[in-house]
$ cat entry.cif   # mmCIF, C-alpha atoms
data_run
#
loop_
_atom_site.label_atom_id
_atom_site.label_comp_id
_atom_site.auth_asym_id
_atom_site.auth_seq_id
_atom_site.Cartn_x
_atom_site.Cartn_y
_atom_site.Cartn_z
CA MET A 1 -35.97 -7.63 0.61
CA ALA A 2 -34.35 -8.85 3.83
CA ILE A 3 -30.73 -8.69 2.72
CA SER A 4 -28.64 -5.94 1.17
CA ARG A 5 -28.47 -5.47 -2.57
CA LYS A 6 -24.68 -5.63 -2.41
CA VAL A 7 -24.62 -8.98 -0.64
CA ARG A 8 -27.32 -10.39 -2.91
CA GLU A 9 -25.20 -9.48 -5.96
CA GLN A 10 -22.09 -10.95 -4.36
CA MET A 11 -23.91 -14.16 -3.58
CA LYS A 12 -24.76 -14.55 -7.26
CA GLU A 13 -21.06 -14.27 -8.07
CA SER A 14 -19.98 -16.22 -5.02
CA SER A 15 -17.32 -18.81 -4.78
CA TRP A 16 -17.36 -21.60 -7.35
CA ILE A 17 -15.54 -23.66 -4.72
CA ARG A 18 -18.61 -23.59 -2.50
CA ARG A 19 -20.88 -24.40 -5.43
CA MET A 20 -18.82 -27.52 -6.08
CA PHE A 21 -18.94 -28.38 -2.38
CA GLU A 22 -22.75 -28.28 -2.48
CA ALA A 23 -22.83 -30.26 -5.73
CA GLY A 24 -20.65 -32.87 -4.06
CA ILE A 25 -23.14 -33.32 -1.24
CA GLU A 26 -25.94 -33.94 -3.73
CA LEU A 27 -23.88 -36.40 -5.77
CA ARG A 28 -22.79 -38.37 -2.70
CA GLU A 29 -26.39 -38.65 -1.53
CA ALA A 30 -27.46 -39.90 -4.96
CA HIS A 31 -24.55 -42.21 -5.81
CA GLY A 32 -22.78 -43.02 -2.54
CA ALA A 33 -19.69 -41.31 -1.17
CA GLU A 34 -17.38 -44.04 -2.45
CA ASN A 35 -18.43 -43.34 -6.04
CA VAL A 36 -17.87 -39.56 -6.05
CA PHE A 37 -14.40 -38.18 -6.70
CA ASP A 38 -14.28 -34.68 -5.25
CA LEU A 39 -11.16 -32.68 -6.09
CA SER A 40 -12.83 -29.31 -5.66
CA LEU A 41 -11.90 -28.30 -2.11
CA GLY A 42 -8.56 -27.24 -0.67
CA ASN A 43 -9.40 -28.81 2.67
CA PRO A 44 -6.12 -30.03 4.19
CA LEU A 45 -6.02 -33.82 4.33
CA LEU A 46 -3.13 -34.33 6.72
CA GLU A 47 -3.67 -34.23 10.45
CA PRO A 48 -1.69 -31.79 12.62
CA PRO A 49 1.81 -32.95 13.59
CA ALA A 50 2.54 -34.63 16.92
CA GLU A 51 4.09 -31.43 18.28
CA PHE A 52 0.73 -29.68 18.05
CA ARG A 53 -1.16 -32.43 19.86
CA ALA A 54 1.43 -32.52 22.63
CA GLU A 55 1.32 -28.75 23.05
CA LEU A 56 -2.49 -28.70 23.02
CA ALA A 57 -2.63 -31.37 25.71
CA ARG A 58 -0.17 -29.43 27.85
CA LEU A 59 -2.17 -26.22 27.49
CA ALA A 60 -5.46 -27.95 28.27
CA ALA A 61 -4.02 -29.05 31.60
CA ASP A 62 -2.58 -25.62 32.40
CA LYS A 63 -4.55 -23.90 35.17
CA THR A 64 -2.58 -20.65 35.15
CA PRO A 65 -4.99 -17.74 35.79
CA ASN A 66 -5.91 -15.40 32.89
CA THR A 67 -5.00 -17.99 30.24
CA HIS A 68 -8.35 -17.65 28.48
CA ARG A 69 -9.19 -14.00 29.15
CA TYR A 70 -8.89 -10.95 26.94
CA MET A 71 -5.41 -9.98 25.82
CA PRO A 72 -3.89 -7.10 23.84
CA ASN A 73 -5.76 -7.06 20.52
CA GLY A 74 -2.58 -7.81 18.59
CA GLY A 75 -2.01 -11.03 20.48
CA PHE A 76 -0.02 -12.24 23.49
CA PRO A 77 3.38 -10.47 23.51
CA GLU A 78 5.25 -13.72 24.10
CA VAL A 79 3.46 -15.37 21.16
CA ARG A 80 4.25 -12.47 18.84
CA ALA A 81 7.90 -12.63 19.91
CA SER A 82 8.06 -16.37 19.27
CA VAL A 83 6.48 -16.03 15.81
CA ALA A 84 8.84 -13.16 14.96
CA GLU A 85 11.89 -15.17 16.00
CA ALA A 86 10.97 -18.03 13.68
CA LEU A 87 10.08 -15.70 10.80
CA ALA A 88 13.34 -13.78 11.19
CA GLU A 89 15.24 -17.07 11.10
CA GLU A 90 13.36 -18.20 7.99
CA SER A 91 13.47 -14.92 6.06
CA GLY A 92 16.80 -13.47 7.16
CA VAL A 93 15.01 -10.20 7.98
CA PRO A 94 15.16 -8.91 11.62
CA VAL A 95 11.43 -9.11 12.36
CA THR A 96 10.45 -8.52 15.99
CA GLY A 97 7.27 -9.04 17.96
CA ALA A 98 6.40 -5.37 17.39
CA GLU A 99 5.91 -6.16 13.68
CA ILE A 100 3.64 -9.19 14.29
CA LEU A 101 -0.13 -9.17 14.76
CA MET A 102 -1.89 -12.48 15.45
CA THR A 103 -4.97 -12.93 13.27
CA VAL A 104 -7.99 -15.14 12.63
CA GLY A 105 -6.32 -16.97 9.75
CA ALA A 106 -4.88 -15.42 6.60
CA ALA A 107 -8.34 -14.24 5.53
CA GLY A 108 -8.68 -12.34 8.78
CA ALA A 109 -5.23 -10.86 8.22
CA ILE A 110 -6.03 -9.64 4.70
CA ASN A 111 -9.35 -8.11 5.72
CA THR A 112 -7.66 -6.36 8.63
CA ILE A 113 -4.98 -4.97 6.31
CA LEU A 114 -7.48 -3.75 3.73
CA ARG A 115 -9.66 -2.16 6.40
CA SER A 116 -6.60 -0.28 7.64
CA ILE A 117 -5.28 1.09 4.33
CA LEU A 118 -8.27 1.62 2.02
CA ASP A 119 -10.46 4.68 1.65
CA GLU A 120 -13.64 4.34 -0.38
CA GLY A 121 -12.82 3.88 -4.05
CA ASP A 122 -9.15 3.00 -3.50
CA GLU A 123 -7.89 0.23 -5.77
CA VAL A 124 -6.17 -3.09 -5.12
CA VAL A 125 -4.43 -4.95 -7.95
CA LEU A 126 -4.82 -8.74 -8.17
CA LEU A 127 -2.84 -11.15 -10.33
CA ALA A 128 -5.04 -13.57 -12.24
CA PRO A 129 -5.49 -16.36 -11.48
CA TYR A 130 -6.24 -15.34 -7.91
CA PHE A 131 -8.04 -16.76 -4.89
CA GLY A 132 -11.72 -16.19 -5.62
CA GLU A 133 -12.57 -14.45 -2.34
CA TYR A 134 -10.12 -11.55 -2.83
CA PRO A 135 -12.56 -9.33 -4.76
CA PHE A 136 -15.15 -9.69 -2.01
CA TYR A 137 -12.61 -8.81 0.69
CA ILE A 138 -11.75 -5.67 -1.26
CA GLN A 139 -15.39 -4.73 -1.83
CA HIS A 140 -16.22 -5.25 1.84
CA GLN A 141 -13.53 -2.74 2.76
CA THR A 142 -14.94 -0.19 0.22
CA GLY A 143 -12.19 -0.78 -2.33
CA VAL A 144 -12.14 -1.63 -6.03
CA ALA A 145 -10.38 -4.69 -7.46
CA LYS A 146 -8.22 -4.31 -10.57
CA THR A 147 -6.80 -7.31 -12.40
CA ALA A 148 -3.36 -7.81 -13.92
CA ALA A 149 -2.31 -10.80 -15.98
CA CYS A 150 0.28 -13.54 -15.63
CA ASP A 151 2.21 -15.13 -18.48
CA ASP A 152 1.77 -18.65 -19.87
CA ASN A 153 3.82 -20.04 -16.97
CA TRP A 154 1.61 -18.19 -14.44
CA LEU A 155 4.38 -15.75 -13.54
CA PRO A 156 3.53 -12.05 -13.05
CA ASP A 157 3.37 -9.93 -16.20
CA ILE A 158 5.08 -6.73 -15.10
CA ALA A 159 3.77 -4.67 -18.01
CA SER A 160 0.22 -5.74 -17.15
CA ILE A 161 0.78 -4.82 -13.50
CA GLU A 162 2.01 -1.37 -14.45
CA SER A 163 -1.02 -0.87 -16.69
CA ALA A 164 -3.35 -1.82 -13.83
CA ILE A 165 -1.78 0.61 -11.35
CA GLY A 166 -3.22 4.12 -11.19
CA PRO A 167 -3.34 7.10 -8.86
CA ARG A 168 -5.89 5.36 -6.58
CA THR A 169 -3.86 2.13 -6.21
CA ARG A 170 -3.17 1.37 -2.57
CA ALA A 171 -2.05 -2.25 -2.70
CA LEU A 172 -1.12 -5.24 -4.82
CA ILE A 173 -1.83 -8.75 -3.51
CA ILE A 174 0.33 -11.69 -4.50
CA ASN A 175 -0.23 -15.31 -3.49
CA SER A 176 2.75 -17.63 -3.71
CA PRO A 177 2.71 -20.63 -3.76
CA ASN A 178 -0.36 -19.74 -5.72
CA ASN A 179 -3.91 -20.94 -5.32
CA PRO A 180 -4.96 -22.23 -7.89
CA THR A 181 -1.78 -22.87 -9.94
CA GLY A 182 0.71 -24.06 -7.31
CA VAL A 183 3.33 -21.82 -8.96
CA ILE A 184 5.93 -20.10 -6.79
CA TYR A 185 6.89 -16.61 -7.89
CA PRO A 186 10.71 -16.55 -8.13
CA GLU A 187 12.94 -13.91 -6.57
CA ALA A 188 13.32 -12.15 -9.93
CA SER A 189 9.54 -11.72 -10.23
CA ILE A 190 9.25 -10.37 -6.68
CA ALA A 191 12.08 -7.93 -7.35
CA ALA A 192 10.45 -6.76 -10.58
CA ILE A 193 7.14 -6.21 -8.79
CA GLY A 194 8.87 -4.17 -6.11
CA GLU A 195 10.55 -2.03 -8.75
CA ALA A 196 7.24 -1.49 -10.56
CA LEU A 197 5.58 -0.38 -7.33
CA THR A 198 8.42 2.04 -6.59
CA ARG A 199 8.12 3.56 -10.07
CA ALA A 200 4.37 3.93 -9.61
CA GLU A 201 4.81 5.59 -6.21
CA GLU A 202 7.22 8.09 -7.74
CA LYS A 203 4.91 8.70 -10.70
CA TYR A 204 1.77 9.31 -8.65
CA GLY A 205 3.25 10.57 -5.39
CA THR A 206 1.52 7.77 -3.45
CA GLU A 207 2.35 4.87 -1.16
CA ILE A 208 1.46 1.36 -2.35
CA TYR A 209 1.57 -1.76 -0.19
CA LEU A 210 2.75 -5.14 -1.42
CA ILE A 211 0.66 -7.77 0.40
CA SER A 212 1.88 -11.36 0.21
CA ASP A 213 -0.68 -14.05 1.07
CA GLU A 214 1.41 -17.05 2.15
CA PRO A 215 -0.62 -19.88 3.72
CA TYR A 216 1.19 -22.40 1.46
CA ARG A 217 4.68 -21.03 2.13
CA LYS A 218 5.92 -24.24 3.76
CA LEU A 219 4.27 -26.56 1.23
CA ILE A 220 7.08 -26.45 -1.33
CA TYR A 221 8.35 -29.43 -3.32
CA SER A 222 11.74 -28.14 -4.44
CA ASP A 223 14.92 -27.27 -2.55
CA GLN A 224 14.82 -23.62 -3.61
CA PRO A 225 14.57 -21.10 -0.77
CA TYR A 226 11.30 -19.22 -0.49
CA PRO A 227 11.60 -15.67 -1.95
CA PHE A 228 10.38 -13.32 0.77
CA ILE A 229 9.05 -9.89 -0.17
CA PHE A 230 10.66 -7.81 2.57
CA ASN A 231 13.89 -7.05 0.71
CA HIS A 232 12.04 -5.88 -2.41
CA HIS A 233 9.62 -3.20 -1.19
CA PRO A 234 9.64 -1.29 2.11
CA ARG A 235 5.85 -1.11 2.33
CA SER A 236 5.29 -4.86 2.37
CA ILE A 237 3.12 -7.07 4.56
CA VAL A 238 3.04 -10.84 4.93
CA ALA A 239 -0.34 -12.47 5.66
CA THR A 240 -0.33 -16.15 6.51
CA SER A 241 -2.00 -18.90 8.51
CA HIS A 242 -1.35 -22.36 9.88
CA SER A 243 -4.31 -23.84 8.02
CA LYS A 244 -2.12 -25.79 5.63
CA ASP A 245 1.36 -26.19 7.10
CA LEU A 246 -0.01 -27.47 10.43
CA GLY A 247 -3.35 -28.80 9.15
CA LEU A 248 -5.32 -26.36 11.33
CA ALA A 249 -7.79 -24.86 8.83
CA GLY A 250 -10.68 -25.12 11.27
CA GLU A 251 -8.81 -23.43 14.11
CA ARG A 252 -8.50 -20.10 12.23
CA ILE A 253 -5.06 -19.08 13.47
CA GLY A 254 -2.55 -16.98 11.53
CA TYR A 255 -0.61 -13.76 11.66
CA LEU A 256 0.49 -10.77 9.66
CA ALA A 257 4.02 -9.37 9.65
CA LEU A 258 5.10 -5.86 8.73
CA ASN A 259 8.36 -5.07 7.02
CA PRO A 260 10.76 -3.73 9.70
CA ALA A 261 12.00 -1.25 7.05
CA ASP A 262 8.57 0.34 6.54
CA PRO A 263 8.90 3.95 7.75
CA GLY A 264 5.18 4.04 8.54
CA LYS A 265 5.02 0.72 10.40
CA THR A 266 4.14 2.18 13.81
CA ASP A 267 1.15 4.09 12.48
CA LEU A 268 0.12 1.07 10.41
CA MET A 269 0.32 -1.31 13.36
CA ASP A 270 -1.87 1.04 15.40
CA ALA A 271 -4.43 0.98 12.57
CA LEU A 272 -4.25 -2.81 12.24
CA THR A 273 -4.76 -3.28 15.97
CA PHE A 274 -7.79 -1.00 15.86
CA SER A 275 -9.17 -2.71 12.77
CA ILE A 276 -8.93 -6.28 14.06
CA ARG A 277 -10.94 -5.20 17.10
CA THR A 278 -13.62 -3.25 15.24
CA LEU A 279 -14.05 -5.80 12.47
CA GLY A 280 -15.30 -8.08 15.22
CA PHE A 281 -12.38 -10.50 15.38
CA VAL A 282 -11.20 -8.66 18.56
CA ASN A 283 -8.16 -10.93 18.71
CA ALA A 284 -6.97 -14.29 17.45
CA PRO A 285 -8.10 -17.30 19.56
CA ALA A 286 -6.14 -17.42 22.80
CA LEU A 287 -5.66 -21.18 22.98
CA MET A 288 -4.52 -21.46 19.37
CA GLN A 289 -2.08 -18.58 19.76
CA ARG A 290 -0.34 -20.38 22.60
CA ALA A 291 -0.56 -23.75 20.82
CA VAL A 292 1.31 -22.62 17.70
CA ALA A 293 3.80 -20.29 19.39
CA GLY A 294 6.34 -22.99 20.17
CA ILE A 295 5.92 -25.10 17.03
CA GLN A 296 6.63 -22.52 14.33
CA ARG A 297 9.25 -24.79 12.77
CA ALA A 298 6.97 -27.86 12.55
CA THR A 299 4.93 -28.90 9.50
CA VAL A 300 2.83 -31.76 8.26
CA ASP A 301 4.61 -34.40 6.16
CA ILE A 302 5.08 -32.46 2.92
CA ALA A 303 6.35 -35.55 1.09
CA ILE A 304 2.82 -36.98 1.17
CA TYR A 305 1.45 -33.99 -0.72
CA ARG A 306 4.37 -34.18 -3.17
CA ASP A 307 3.50 -37.80 -3.98
CA LYS A 308 -0.14 -36.86 -4.54
CA ARG A 309 0.91 -34.01 -6.83
CA ASP A 310 3.02 -36.39 -8.88
CA LEU A 311 0.14 -38.86 -9.15
CA LEU A 312 -2.49 -36.35 -10.31
CA TYR A 313 -0.22 -34.17 -12.44
CA GLY A 314 1.44 -37.14 -14.10
CA THR A 315 -1.89 -38.78 -14.88
CA LEU A 316 -3.38 -35.64 -16.43
CA ILE A 317 -0.28 -35.06 -18.58
CA ASP A 318 -0.36 -38.68 -19.75
CA ILE A 319 -4.01 -38.27 -20.80
CA GLY A 320 -3.10 -35.15 -22.79
CA TYR A 321 -4.03 -32.20 -20.57
CA GLU A 322 -1.83 -29.09 -20.68
CA CYS A 323 -0.66 -27.97 -17.27
CA VAL A 324 2.20 -26.07 -15.62
CA LYS A 325 3.73 -28.34 -12.99
CA PRO A 326 3.06 -26.92 -9.52
CA ASP A 327 6.01 -26.43 -7.15
CA GLY A 328 3.90 -25.87 -4.05
CA ALA A 329 0.44 -25.76 -2.44
CA PHE A 330 -1.85 -28.68 -3.33
CA TYR A 331 -3.54 -27.83 -6.63
CA VAL A 332 -3.09 -28.28 -10.37
CA PHE A 333 -4.54 -25.78 -12.84
CA PRO A 334 -4.77 -27.45 -16.26
CA LYS A 335 -6.18 -25.99 -19.44
CA SER A 336 -9.74 -27.06 -20.17
CA PRO A 337 -9.92 -29.26 -23.31
CA ILE A 338 -12.90 -27.16 -24.43
CA PRO A 339 -13.02 -23.34 -24.33
CA ASP A 340 -15.99 -23.22 -21.93
CA ASP A 341 -14.52 -24.29 -18.61
CA THR A 342 -17.91 -24.29 -16.86
CA GLU A 343 -19.29 -26.71 -19.47
CA PHE A 344 -16.21 -28.89 -19.01
CA VAL A 345 -16.87 -28.97 -15.27
CA ARG A 346 -20.49 -29.96 -15.91
CA GLN A 347 -19.35 -32.80 -18.16
CA LEU A 348 -16.97 -34.03 -15.47
CA GLN A 349 -19.79 -33.96 -12.93
CA LYS A 350 -21.67 -36.44 -15.08
CA GLU A 351 -18.69 -38.74 -14.49
CA LEU A 352 -18.93 -37.99 -10.75
CA VAL A 353 -15.70 -35.97 -10.76
CA LEU A 354 -15.72 -32.53 -9.14
CA VAL A 355 -13.29 -29.72 -9.96
CA VAL A 356 -13.58 -25.90 -9.99
CA PRO A 357 -13.77 -23.88 -13.26
CA GLY A 358 -11.05 -21.34 -13.88
CA ILE A 359 -13.60 -18.52 -14.08
CA GLY A 360 -13.84 -18.81 -10.29
CA PHE A 361 -10.22 -17.63 -10.14
CA GLY A 362 -10.53 -14.87 -12.70
CA THR A 363 -9.11 -17.04 -15.50
CA PRO A 364 -11.65 -18.74 -17.78
CA GLY A 365 -10.54 -21.69 -19.91
CA TYR A 366 -8.84 -23.61 -17.09
CA PHE A 367 -9.87 -25.66 -14.09
CA ARG A 368 -8.51 -26.32 -10.61
CA ALA A 369 -8.18 -29.80 -9.15
CA SER A 370 -7.06 -30.32 -5.58
CA TYR A 371 -4.86 -33.26 -4.63
CA CYS A 372 -5.14 -32.90 -0.84
CA VAL A 373 -7.41 -35.94 -0.94
CA ASP A 374 -7.05 -39.68 -0.40
CA ASP A 375 -5.30 -41.52 -3.21
CA TRP A 376 -8.47 -43.47 -4.03
CA VAL A 377 -10.17 -40.19 -4.94
CA ILE A 378 -7.41 -39.28 -7.41
CA GLU A 379 -7.31 -42.80 -8.81
CA GLY A 380 -11.10 -42.94 -9.12
CA SER A 381 -11.20 -39.66 -11.03
CA ILE A 382 -8.87 -40.83 -13.79
CA ALA A 383 -11.50 -42.58 -15.90
CA GLY A 384 -13.70 -39.47 -15.85
CA PHE A 385 -10.84 -37.16 -16.79
CA ARG A 386 -9.89 -39.45 -19.66
CA LYS A 387 -13.46 -39.88 -20.97
CA VAL A 388 -14.25 -36.15 -21.04
CA PHE A 389 -10.88 -35.35 -22.62
CA GLU A 390 -11.38 -37.94 -25.36
CA GLN A 391 -14.92 -36.67 -26.03
CA ALA A 392 -13.55 -33.14 -26.38
CA ASN A 393 -10.94 -34.29 -28.88
CA SER A 394 -13.02 -36.77 -30.88
#
$ encode --input "entry.cif" --output "structure tokens"
Amino acid sequence: MAISRKVREQMKESSWIRRMFEAGIELREAHGAENVFDLSLGNPLLEPPAEFRAELARLAADKTPNTHRYMPNGGFPEVRASVAEALAEESGVPVTGAEILMTVGAAGAINTILRSILDEGDEVVLLAPYFGEYPFYIQHQTGVAKTAACDDNWLPDIASIESAIGPRTRALIINSPNNPTGVIYPEASIAAIGEALTRAEEKYGTEIYLISDEPYRKLIYSDQPYPFIFNHHPRSIVATSHSKDLGLAGERIGYLALNPADPGKTDLMDALTFSIRTLGFVNAPALMQRAVAGIQRATVDIAIYRDKRDLLYGTLIDIGYECVKPDGAFYVFPKSPIPDDTEFVRQLQKELVLVVPGIGFGTPGYFRASYCVDDWVIEGSIAGFRKVFEQANS
């Protein structure tokens, strides 16, 4: 056996998103790309804004020595300061460059955090539905994933969270706007989570981190301010990337931010800086760090994603699907019209429509459809969604 038992087992459970991606390749080869309606991937559709292209062109022409050499593992000091300035402006919390570490996307940030805080057997609580890679990140860093529930509106169930927390709990990960539901956890929910963590710390005599995974933070379709975590728990860490808000998923650039009020932040930052190096990332890409430093306040045209949300969500509701309307990100998470969500997905595939079953997000009985696609893909999927729904209800 050439590969490890652990990885072999993980591969069997691996991402349903990737399975759908591979199924899409086969269907396009068999039926033609124009006849396959793939809503399975969260691959940003919109191109980076003009500010990014202008900055990238400027940097490409810059011949300043040392531009592309090694740097401090946490990132260029001037980049960290620029990111902190924008985050402090956005959150109202006095974040400085000393609390910022540039990372290889949000996934790199989360793995770096978990590597830094987990001992073998320590537990991390996830809120279902959750991004399907989280359990693997936790396992890779020798931890154990525990699951807590959300209510019917996909908001955190505080009683379930408290039941999931134990003496080995070291962290709770939230993801808002959420992948796969698009729901934004309101300030009241964040406050209640912080209070639950404080009670658990007092009960067990431990320290528990609140980790907020925020790559969709700027993809919000309401005028409500984003509820940051920093004011609700001192041991809190933001992990984010520019994959979605700047359309840079392939560039793998993000950052993590520590709460300035965390009494252990200096020790934690030392551990994070060590971990990013020894995990093999070493540091975030030099060119991308400099490229995003000065455009922290730019985004893609969010109105385009809002229009696509309205098209897909409205169509599914009109057909008869049950779904909580998403306020952010670029996904809908409707209830499957039959109890077996994987069978529902198979039936949709027969109609050349690709979505991801809810089991891939820890929540069977639902499915995720992405609307970061061309309008013709959404429009072409409608007949398949309607046919399978009517068959399920005939």
$ residues_around --input "entry.cif" --residues "A:Glu90" --least-positions-apart "3" --cutoff "10 Å" --atoms "all atoms listed in the file" --output "ChimeraX atom specification"
/A:84-87,93,225-226,228,297
$ resolve_selection --input "entry.cif" --expression "the PyMOL selection byres ((chain A and resi 381) around 10)" --output "PyMOL selection string"
chain A and resi 35-39+312+348+351-354+375-380+382-386
$ closest_residue --input "entry.cif" --among "A:Gly362, A:Tyr209, A:Ile165, A:Asp152" --to "A:Ile113" --atoms "all atoms listed in the file"
A:Tyr209
$ resolve_selection --input "entry.cif" --expression "the PyMOL selection byres ((chain A and resi 254) around 9)" --output "PyMOL selection string"
chain A and resi 101-109+215+239-243+252-253+255-256+284+289
$ resolve_selection --input "entry.cif" --expression "the PyMOL selection byres ((chain A and resi 346) around 12)" --output "list in words"
Arg19, Met20, Ala23, Ser336, Ile338, Asp340, Asp341, Thr342, Glu343, Phe344, Val345, Gln347, Leu348, Gln349, Lys350, Glu351, Leu352, Val353, Leu354, Val355, Val356, Pro357, Phe367, Gly384 and Val388 of chain A
$ residues_around --input "entry.cif" --residues "A:Phe389" --least-positions-apart "2" --cutoff "8 Å" --atoms "only C-alpha atoms" --output "list of chain:residue names"
A:Ile319, A:Gly320, A:Tyr321, A:Pro337, A:Phe385, A:Arg386, A:Lys387, A:Gln391, A:Ala392, A:Asn393
$ atom_distance --input "entry.cif" --atom1 "atom CA of A:Lys325" --atom2 "atom CA of A:Leu210"
25.9 Å
